[in-house]
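Q: Sharing protein_18.txt, compact mmCIF, C-alpha atoms and all ligand atoms:
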```txt
# COMPACT_ATOMS: atom_id res chain seq x y z
CA MET A 1 17.48 -41.79 -15.33
CA ILE A 2 16.49 -44.40 -12.75
CA GLY A 3 15.38 -46.74 -15.51
CA ALA A 4 18.79 -46.31 -17.11
CA ALA A 5 20.52 -47.20 -13.85
CA TYR A 6 18.44 -50.38 -13.50
CA ALA A 7 18.92 -51.29 -17.16
CA ALA A 8 22.66 -50.56 -17.28
CA PRO A 9 23.72 -53.93 -15.83
CA LEU A 10 21.84 -55.78 -18.53
CA PHE A 11 23.47 -53.91 -21.37
CA CYS A 12 26.93 -53.58 -19.82
CA GLY A 13 27.19 -57.25 -18.96
CA GLY A 14 25.20 -58.65 -21.86
CA PHE A 15 22.28 -60.99 -21.32
CA ARG A 16 24.44 -64.08 -21.42
CA ARG A 17 26.80 -63.06 -18.61
CA ASN A 18 26.02 -64.09 -15.08
CA ILE A 19 24.19 -62.05 -12.44
CA GLU A 20 27.35 -61.39 -10.41
CA ARG A 21 28.92 -59.49 -13.30
CA LYS A 22 25.72 -57.56 -13.81
CA MET A 23 25.71 -56.56 -10.12
CA LEU A 24 29.31 -55.36 -10.39
CA CYS A 25 28.42 -53.33 -13.45
CA PHE A 26 25.36 -51.98 -11.60
CA ARG A 27 27.49 -50.82 -8.68
CA THR A 28 30.01 -49.17 -10.99
CA THR A 29 27.22 -47.38 -12.81
CA MET A 30 25.80 -46.25 -9.49
CA GLY A 31 29.16 -44.95 -8.32
CA SER A 32 29.69 -42.89 -11.42
CA LEU A 33 26.16 -41.49 -11.52
CA GLY A 34 26.45 -40.40 -7.93
CA GLY A 35 25.31 -41.31 -4.45
CA TRP A 36 21.94 -39.68 -4.90
CA ILE A 37 20.83 -42.42 -7.30
CA TYR A 38 21.89 -45.04 -4.78
CA ASP A 39 19.70 -43.29 -2.19
CA LEU A 40 16.80 -43.11 -4.61
CA VAL A 41 17.01 -46.82 -5.41
CA MET A 42 17.40 -47.82 -1.76
CA TRP A 43 14.71 -45.44 -0.53
CA PRO A 44 11.74 -47.91 -0.53
CA LEU A 45 13.80 -50.50 1.39
CA GLU A 46 15.03 -47.89 3.85
CA ILE A 47 11.50 -46.62 4.50
CA ARG A 48 10.13 -50.13 5.08
CA TRP A 49 12.96 -51.86 6.96
CA GLY A 50 16.08 -49.72 7.19
CA LYS A 51 15.37 -48.00 10.47
CA GLY A 52 14.85 -51.23 12.45
CA TRP A 53 17.94 -52.86 10.91
CA ARG A 54 20.16 -49.90 11.64
CA ILE A 55 18.92 -49.36 15.19
CA ALA A 56 19.81 -53.02 15.89
CA LEU A 57 23.21 -52.59 14.24
CA TRP A 58 24.25 -49.59 16.35
CA ARG A 59 22.73 -50.51 19.71
CA GLY A 60 25.42 -50.29 22.42
CA VAL A 61 28.23 -49.17 20.08
CA HIS A 62 30.60 -46.73 21.75
CA GLY A 63 34.18 -45.46 21.93
CA ARG A 64 36.45 -45.45 18.86
CA VAL A 65 34.30 -46.65 15.98
CA LEU A 66 35.19 -47.43 12.37
CA GLU A 67 32.36 -47.63 9.86
CA ILE A 68 33.45 -49.42 6.69
CA GLY A 69 31.71 -48.74 3.36
CA VAL A 70 29.72 -45.84 4.77
CA GLY A 71 28.13 -45.25 1.37
CA THR A 72 25.82 -42.25 1.31
CA GLY A 73 25.61 -42.25 5.10
CA ALA A 74 22.48 -44.32 5.74
CA ASN A 75 23.87 -45.13 9.20
CA VAL A 76 24.77 -41.56 10.11
CA PRO A 77 21.47 -40.82 11.92
CA TYR A 78 22.16 -43.84 14.15
CA TYR A 79 25.70 -42.94 15.23
CA PRO A 80 25.61 -43.05 19.03
CA GLU A 81 26.12 -39.81 20.92
CA GLY A 82 29.68 -39.50 22.17
CA ALA A 83 31.16 -42.15 19.85
CA GLN A 84 34.27 -41.09 17.89
CA VAL A 85 33.30 -42.29 14.44
CA THR A 86 35.68 -42.64 11.49
CA ALA A 87 33.82 -43.59 8.31
CA VAL A 88 35.49 -44.86 5.13
CA ASP A 89 34.44 -45.63 1.58
CA ILE A 90 36.15 -45.92 -1.80
CA GLY A 91 33.51 -43.91 -3.64
CA GLU A 92 33.96 -40.14 -3.47
CA GLY A 93 30.40 -39.57 -4.72
CA MET A 94 29.06 -41.68 -1.84
CA LEU A 95 31.36 -40.07 0.73
CA SER A 96 30.45 -36.52 -0.19
CA ARG A 97 26.79 -37.36 0.25
CA ALA A 98 27.54 -38.95 3.64
CA ARG A 99 29.43 -35.81 4.70
CA HIS A 100 26.51 -33.66 3.60
CA LYS A 101 24.06 -35.84 5.54
CA ALA A 102 26.21 -35.64 8.69
CA ARG A 103 26.44 -31.85 8.42
CA GLY A 104 22.67 -31.60 8.04
CA LEU A 105 22.14 -33.75 11.14
CA GLY A 106 24.86 -31.98 13.14
CA ARG A 107 26.77 -35.27 13.49
CA ASP A 108 30.50 -35.18 13.96
CA ALA A 109 32.47 -37.91 12.15
CA ASP A 110 35.73 -38.20 10.25
CA PHE A 111 34.86 -39.22 6.67
CA ARG A 112 37.78 -40.58 4.66
CA MET A 113 38.37 -42.13 1.30
CA ALA A 114 39.96 -45.52 2.08
CA ASP A 115 39.94 -49.06 0.79
CA VAL A 116 38.81 -51.69 3.29
CA HIS A 117 41.35 -54.12 1.77
CA SER A 118 44.14 -51.91 3.06
CA LEU A 119 42.98 -49.66 5.87
CA PRO A 120 45.16 -46.64 6.70
CA PHE A 121 44.96 -47.19 10.49
CA PRO A 122 47.33 -48.74 13.03
CA ASN A 123 46.70 -52.16 14.54
CA GLU A 124 44.07 -52.39 17.30
CA SER A 125 42.90 -48.80 16.90
CA PHE A 126 39.11 -49.25 17.13
CA ASP A 127 36.72 -50.54 19.79
CA PHE A 128 34.04 -51.28 17.19
CA VAL A 129 34.11 -51.90 13.45
CA VAL A 130 30.65 -51.56 11.93
CA GLY A 131 29.41 -52.19 8.39
CA SER A 132 26.12 -52.63 6.61
CA PHE A 133 25.84 -54.43 3.27
CA VAL A 134 29.55 -54.01 2.60
CA LEU A 135 31.08 -57.50 2.50
CA CYS A 136 28.73 -58.33 -0.37
CA SER A 137 30.20 -55.38 -2.30
CA VAL A 138 33.93 -55.69 -1.75
CA ARG A 139 36.26 -57.42 -4.20
CA ASP A 140 37.94 -59.68 -1.63
CA PRO A 141 35.80 -60.08 1.51
CA LEU A 142 38.35 -62.34 3.22
CA ARG A 143 41.08 -59.73 2.89
CA ALA A 144 38.63 -57.07 4.11
CA LEU A 145 37.87 -59.21 7.18
CA ALA A 146 41.58 -59.64 7.87
CA GLU A 147 41.97 -55.86 7.81
CA ILE A 148 38.94 -55.41 10.06
CA ARG A 149 40.49 -57.87 12.52
CA ARG A 150 43.84 -56.09 12.39
CA VAL A 151 42.42 -52.65 13.29
CA LEU A 152 40.09 -54.04 15.98
CA SER A 153 41.21 -53.81 19.60
CA PRO A 154 41.63 -57.23 21.33
CA SER A 155 38.45 -56.62 23.36
CA GLY A 156 36.66 -54.99 20.43
CA GLU A 157 33.55 -56.00 18.54
CA VAL A 158 32.64 -56.22 14.86
CA ARG A 159 29.02 -55.57 13.85
CA LEU A 160 28.03 -56.59 10.35
CA LEU A 161 24.62 -56.30 8.75
CA GLU A 162 24.65 -58.46 5.63
CA HIS A 163 22.23 -59.93 3.15
CA VAL A 164 23.05 -63.63 2.99
CA ARG A 165 21.75 -66.96 1.75
CA PRO A 166 18.61 -67.84 3.78
CA LYS A 167 18.63 -70.99 5.92
CA ASN A 168 15.48 -72.20 4.14
CA GLU A 169 17.04 -74.52 1.54
CA ARG A 170 14.28 -74.11 -1.05
CA LEU A 171 14.44 -70.33 -0.96
CA GLY A 172 18.25 -70.54 -0.93
CA ARG A 173 18.22 -72.63 -4.13
CA VAL A 174 15.87 -70.18 -5.85
CA LEU A 175 18.17 -67.27 -4.96
CA ASP A 176 21.23 -69.26 -6.07
CA ARG A 177 19.67 -69.37 -9.52
CA ILE A 178 18.07 -65.96 -9.93
CA ALA A 179 20.00 -63.64 -7.60
CA PRO A 180 23.27 -65.17 -6.31
CA HIS A 181 24.43 -61.75 -5.15
CA PHE A 182 21.73 -61.98 -2.47
CA ALA A 183 22.58 -65.56 -1.51
CA LYS A 184 26.16 -65.35 -0.30
CA ARG A 185 27.43 -67.68 2.42
CA THR A 186 29.26 -64.83 4.11
CA TRP A 187 29.33 -66.58 7.50
CA GLU A 188 31.68 -69.23 6.10
CA LEU A 189 34.42 -66.58 5.87
CA PHE A 190 34.48 -65.66 9.56
CA PRO A 191 36.43 -68.67 10.92
CA THR A 192 38.96 -68.38 8.10
CA ALA A 193 39.44 -64.71 9.04
CA ARG A 194 39.90 -65.81 12.69
CA LEU A 195 36.79 -63.96 13.85
CA GLN A 196 34.48 -65.70 16.29
CA VAL A 197 30.74 -65.33 15.85
CA GLU A 198 29.40 -64.16 19.19
CA THR A 199 25.81 -63.77 17.99
CA GLU A 200 23.94 -64.09 14.74
CA ARG A 201 20.43 -62.72 14.41
CA ALA A 202 17.99 -62.86 11.50
CA LEU A 203 16.33 -59.48 11.01
CA ASP A 204 13.59 -60.70 8.69
CA ARG A 205 11.44 -63.81 8.75
CA HIS A 206 13.38 -65.56 5.98
CA GLY A 207 16.81 -64.81 7.44
CA LEU A 208 17.91 -62.94 4.34
CA VAL A 209 19.27 -60.01 6.34
CA ARG A 210 21.35 -60.97 9.35
CA LEU A 211 23.23 -59.12 12.02
CA TYR A 212 26.55 -60.67 13.02
CA VAL A 213 28.47 -59.75 16.16
CA LEU A 214 32.07 -60.96 15.89
CA ARG A 215 35.13 -60.89 18.14
CA ARG A 216 38.78 -61.67 17.74
C1 LIG B 301 25.82 -51.59 -0.82
S1 LIG B 301 26.73 -50.18 -0.36
C2 LIG B 301 26.28 -50.02 1.36
C3 LIG B 301 26.41 -48.61 1.85
C4 LIG B 301 25.98 -48.36 3.28
N1 LIG B 301 26.81 -49.09 4.21
C5 LIG B 301 24.54 -48.70 3.48
O1 LIG B 301 24.21 -49.47 4.38
O2 LIG B 301 23.70 -48.15 2.74
C6 LIG B 301 28.41 -50.76 -0.28
C7 LIG B 301 29.40 -49.65 -0.06
O3 LIG B 301 30.69 -50.25 0.09
C8 LIG B 301 31.62 -49.44 -0.58
N2 LIG B 301 32.80 -50.24 -0.92
C9 LIG B 301 32.92 -51.21 -1.86
N3 LIG B 301 34.16 -51.70 -1.89
C10 LIG B 301 34.87 -51.01 -0.95
C11 LIG B 301 36.22 -51.04 -0.52
N4 LIG B 301 37.08 -51.87 -1.07
N5 LIG B 301 36.60 -50.20 0.46
C12 LIG B 301 35.72 -49.33 1.02
N6 LIG B 301 34.41 -49.25 0.66
C13 LIG B 301 34.00 -50.08 -0.32
C14 LIG B 301 30.87 -48.93 -1.81
O4 LIG B 301 31.49 -47.78 -2.36
C15 LIG B 301 29.50 -48.66 -1.23
O5 LIG B 301 29.39 -47.36 -0.74
```
How does this structure look as structure tokens?

A:
Amino acid sequence: MIGAAYAAPLFCGGFRRNIERKMLCFRTTMGSLGGWIYDLVMWPLEIRWGKGWRIALWRGVHGRVLEIGVGTGANVPYYPEGAQVTAVDIGEGMLSRARHKARGLGRDADFRMADVHSLPFPNESFDFVVGSFVLCSVRDPLRALAEIRRVLSPSGEVRLLEHVRPKNERLGRVLDRIAPHFAKRTWELFPTARLQVETERALDRHGLVRLYVLRR
């Protein structure tokens, strides 16, 4: 089953199509097979690095919090006590697993099916908008950022954990060729979306995974 999930992108996209299309196909396959496969595939990464990344992502988050692209709920164990968390995703399979995880951990959050390109919330309704590995997955990251900005309170903060193109040019060029999905220049979108980068921190020695803190 897992082998099929890994192989699906190759056959769906055909060997001649580019990696981006294969990644899209991979995500679609994952969505339809269910969130549990996503968890299974991500499990080695989560065991090795996930905890440290997610602790850093959620440190100091409080008040009215929106988590975008909650997925299967990998961040649920790190939701701060007392925070009012609303968590959205477009995949029902992922959401139901996140709900299940939250119930098991006794965490209270409002899980909703919603598209980050068009969030069903009023302007300025959250103190924090948090997301991990979401901008790399959405169809139109600039539109998603505009929506994030719209629902963020004027004094609010955006926390994004993203895998991006490393600053090391040689490694960046290698990734451009073999895995462009993991070499996105996500930071270039922030000024266009009128979000200021308050801090940017590399969470691994190559700077592949970075934590961005943004403000309006
Ligand atoms: C790579 S997963 C990351 C999941 C989770 N945040 C984590 O750290 O494991 C990306 C998630 O974004 C969700 N997603 C993709 N496009 C979306 C959209 N337009 N609106 C809401 N969620 C979306 C996917 O369904 C998926 O659950």

Q: Please give the centre and size of the box around ligand LIG 301 (chain B) (axis-aligned, containing every atom listed in the file, 6 Å added per side), with values in Å to one decimal and written as lines of an AutoDock Vina configuration file.

A:
```
center_x = 30.4
center_y = -49.6
center_z = 1.0
size_x = 25.4
size_y = 16.5
size_z = 18.7
```

Q: Figure out the distance between atom CA of A:Trp58 and atom CA of A:Asn75, please, to one decimal in Å.

A: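 Calculated distance between atom CA of A:Asn75 and atom CA of A:Trp58 is 8.4 Å.
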
Q: Hey, can you check how far atom CA of A:Asp127 sits from atom CA of A:Glu46?

A: 27.0 Å

Q: Could you name the residues that touch stretch 141-144 of chain A at 8 Å or less, counting all atoms listed in the file, but leaving out those on the same chain fewer than 4 positions away, as a list in words?

A: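 Surrounding residues, per the criterion: Val116, His117, Ser118, Leu135, Cys136, Ile148, Leu189, Thr192 and Ala193 of chain A.
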
Q: Each residue of chain A lying at most 10 Å from ligand LIG 301 (chain B) should get a row with its shortest atom-to-atom pair and the distance in Å to one decimal, counting only C-alpha atoms and all ligand atoms; could you produce that, ordered by chain and increasing number, as JSON lines?

A:
```
{"residue": "A:Arg27", "atom": "CA", "partner": "B:LIG301", "partner_atom": "C14", "distance": 7.9}
{"residue": "A:Thr28", "atom": "CA", "partner": "B:LIG301", "partner_atom": "O4", "distance": 8.9}
{"residue": "A:Met30", "atom": "CA", "partner": "B:LIG301", "partner_atom": "O4", "distance": 9.2}
{"residue": "A:Gly31", "atom": "CA", "partner": "B:LIG301", "partner_atom": "O4", "distance": 7.0}
{"residue": "A:Gly35", "atom": "CA", "partner": "B:LIG301", "partner_atom": "O5", "distance": 8.2}
{"residue": "A:Tyr38", "atom": "CA", "partner": "B:LIG301", "partner_atom": "S1", "distance": 8.3}
{"residue": "A:Asp39", "atom": "CA", "partner": "B:LIG301", "partner_atom": "O2", "distance": 8.0}
{"residue": "A:Met42", "atom": "CA", "partner": "B:LIG301", "partner_atom": "O2", "distance": 7.7}
{"residue": "A:Trp43", "atom": "CA", "partner": "B:LIG301", "partner_atom": "O2", "distance": 9.9}
{"residue": "A:Glu46", "atom": "CA", "partner": "B:LIG301", "partner_atom": "O2", "distance": 8.7}
{"residue": "A:Gly50", "atom": "CA", "partner": "B:LIG301", "partner_atom": "O1", "distance": 8.6}
{"residue": "A:Trp53", "atom": "CA", "partner": "B:LIG301", "partner_atom": "O1", "distance": 9.7}
{"residue": "A:Arg54", "atom": "CA", "partner": "B:LIG301", "partner_atom": "O1", "distance": 8.3}
{"residue": "A:Glu67", "atom": "CA", "partner": "B:LIG301", "partner_atom": "N1", "distance": 8.1}
{"residue": "A:Ile68", "atom": "CA", "partner": "B:LIG301", "partner_atom": "C12", "distance": 6.1}
{"residue": "A:Gly69", "atom": "CA", "partner": "B:LIG301", "partner_atom": "O3", "distance": 3.7}
{"residue": "A:Val70", "atom": "CA", "partner": "B:LIG301", "partner_atom": "N1", "distance": 4.4}
{"residue": "A:Gly71", "atom": "CA", "partner": "B:LIG301", "partner_atom": "O5", "distance": 3.2}
{"residue": "A:Thr72", "atom": "CA", "partner": "B:LIG301", "partner_atom": "C3", "distance": 6.4}
{"residue": "A:Gly73", "atom": "CA", "partner": "B:LIG301", "partner_atom": "C4", "distance": 6.4}
{"residue": "A:Ala74", "atom": "CA", "partner": "B:LIG301", "partner_atom": "O2", "distance": 5.0}
{"residue": "A:Asn75", "atom": "CA", "partner": "B:LIG301", "partner_atom": "O1", "distance": 6.5}
{"residue": "A:Val76", "atom": "CA", "partner": "B:LIG301", "partner_atom": "C4", "distance": 9.7}
{"residue": "A:Ala87", "atom": "CA", "partner": "B:LIG301", "partner_atom": "C12", "distance": 9.5}
{"residue": "A:Val88", "atom": "CA", "partner": "B:LIG301", "partner_atom": "C12", "distance": 6.1}
{"residue": "A:Asp89", "atom": "CA", "partner": "B:LIG301", "partner_atom": "N6", "distance": 3.7}
{"residue": "A:Ile90", "atom": "CA", "partner": "B:LIG301", "partner_atom": "C12", "distance": 4.4}
{"residue": "A:Gly91", "atom": "CA", "partner": "B:LIG301", "partner_atom": "O4", "distance": 4.5}
{"residue": "A:Glu92", "atom": "CA", "partner": "B:LIG301", "partner_atom": "O4", "distance": 8.1}
{"residue": "A:Gly93", "atom": "CA", "partner": "B:LIG301", "partner_atom": "O4", "distance": 8.6}
{"residue": "A:Met94", "atom": "CA", "partner": "B:LIG301", "partner_atom": "O5", "distance": 5.8}
{"residue": "A:Leu95", "atom": "CA", "partner": "B:LIG301", "partner_atom": "O5", "distance": 7.7}
{"residue": "A:Ala98", "atom": "CA", "partner": "B:LIG301", "partner_atom": "C4", "distance": 9.5}
{"residue": "A:Arg112", "atom": "CA", "partner": "B:LIG301", "partner_atom": "C12", "distance": 9.7}
{"residue": "A:Met113", "atom": "CA", "partner": "B:LIG301", "partner_atom": "C12", "distance": 7.7}
{"residue": "A:Ala114", "atom": "CA", "partner": "B:LIG301", "partner_atom": "C12", "distance": 5.8}
{"residue": "A:Asp115", "atom": "CA", "partner": "B:LIG301", "partner_atom": "N5", "distance": 3.5}
{"residue": "A:Val116", "atom": "CA", "partner": "B:LIG301", "partner_atom": "N5", "distance": 3.9}
{"residue": "A:His117", "atom": "CA", "partner": "B:LIG301", "partner_atom": "N4", "distance": 5.6}
{"residue": "A:Ser118", "atom": "CA", "partner": "B:LIG301", "partner_atom": "N5", "distance": 8.2}
{"residue": "A:Leu119", "atom": "CA", "partner": "B:LIG301", "partner_atom": "N5", "distance": 8.4}
{"residue": "A:Val130", "atom": "CA", "partner": "B:LIG301", "partner_atom": "N1", "distance": 9.0}
{"residue": "A:Gly131", "atom": "CA", "partner": "B:LIG301", "partner_atom": "N1", "distance": 5.8}
{"residue": "A:Ser132", "atom": "CA", "partner": "B:LIG301", "partner_atom": "O1", "distance": 4.3}
{"residue": "A:Phe133", "atom": "CA", "partner": "B:LIG301", "partner_atom": "C2", "distance": 4.8}
{"residue": "A:Val134", "atom": "CA", "partner": "B:LIG301", "partner_atom": "C6", "distance": 4.5}
{"residue": "A:Leu135", "atom": "CA", "partner": "B:LIG301", "partner_atom": "O3", "distance": 7.7}
{"residue": "A:Cys136", "atom": "CA", "partner": "B:LIG301", "partner_atom": "C1", "distance": 7.4}
{"residue": "A:Ser137", "atom": "CA", "partner": "B:LIG301", "partner_atom": "C9", "distance": 5.0}
{"residue": "A:Val138", "atom": "CA", "partner": "B:LIG301", "partner_atom": "N3", "distance": 4.0}
{"residue": "A:Arg139", "atom": "CA", "partner": "B:LIG301", "partner_atom": "N4", "distance": 6.4}
{"residue": "A:Asp140", "atom": "CA", "partner": "B:LIG301", "partner_atom": "N4", "distance": 7.9}
{"residue": "A:Pro141", "atom": "CA", "partner": "B:LIG301", "partner_atom": "N4", "distance": 8.7}
{"residue": "A:Arg143", "atom": "CA", "partner": "B:LIG301", "partner_atom": "N4", "distance": 9.7}
{"residue": "A:Ala144", "atom": "CA", "partner": "B:LIG301", "partner_atom": "N4", "distance": 7.5}
{"residue": "A:Leu160", "atom": "CA", "partner": "B:LIG301", "partner_atom": "N1", "distance": 9.8}
{"residue": "A:Leu161", "atom": "CA", "partner": "B:LIG301", "partner_atom": "O1", "distance": 8.1}
{"residue": "A:Glu162", "atom": "CA", "partner": "B:LIG301", "partner_atom": "O1", "distance": 9.1}
{"residue": "A:His163", "atom": "CA", "partner": "B:LIG301", "partner_atom": "C1", "distance": 9.9}
```

Q: Work out how far apart atom CA of A:His100 and atom CA of A:Ala83 are and give it in Å to one decimal.

A: 18.9 Å

Q: Could you check the closest approach to A:Glu200 for each of A:Leu152, A:Ile37, A:Ile178, A:Ala56 and tell me which residue wins, using only C-alpha atoms?

A: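 When distances to A:Glu200 are compared using only C-alpha atoms, the smallest one comes from A:Ala56.
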
Q: Using all atoms listed in the file, can you tell me which of A:Leu105, A:Val129, A:Ile55, A:Val41 comes closest to A:Val151?

A: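 Between A:Leu105, A:Val129, A:Ile55, A:Val41, the residue approaching A:Val151 most closely is A:Val129.
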
Q: Rank nothing, just name the residue among A:Ala179, A:Leu57, A:Ala146, A:Leu171 nearest to A:Val213, using all atoms listed in the file.

A: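 Once distances to A:Val213 are computed over all atoms listed in the file, the minimum belongs to A:Leu57.
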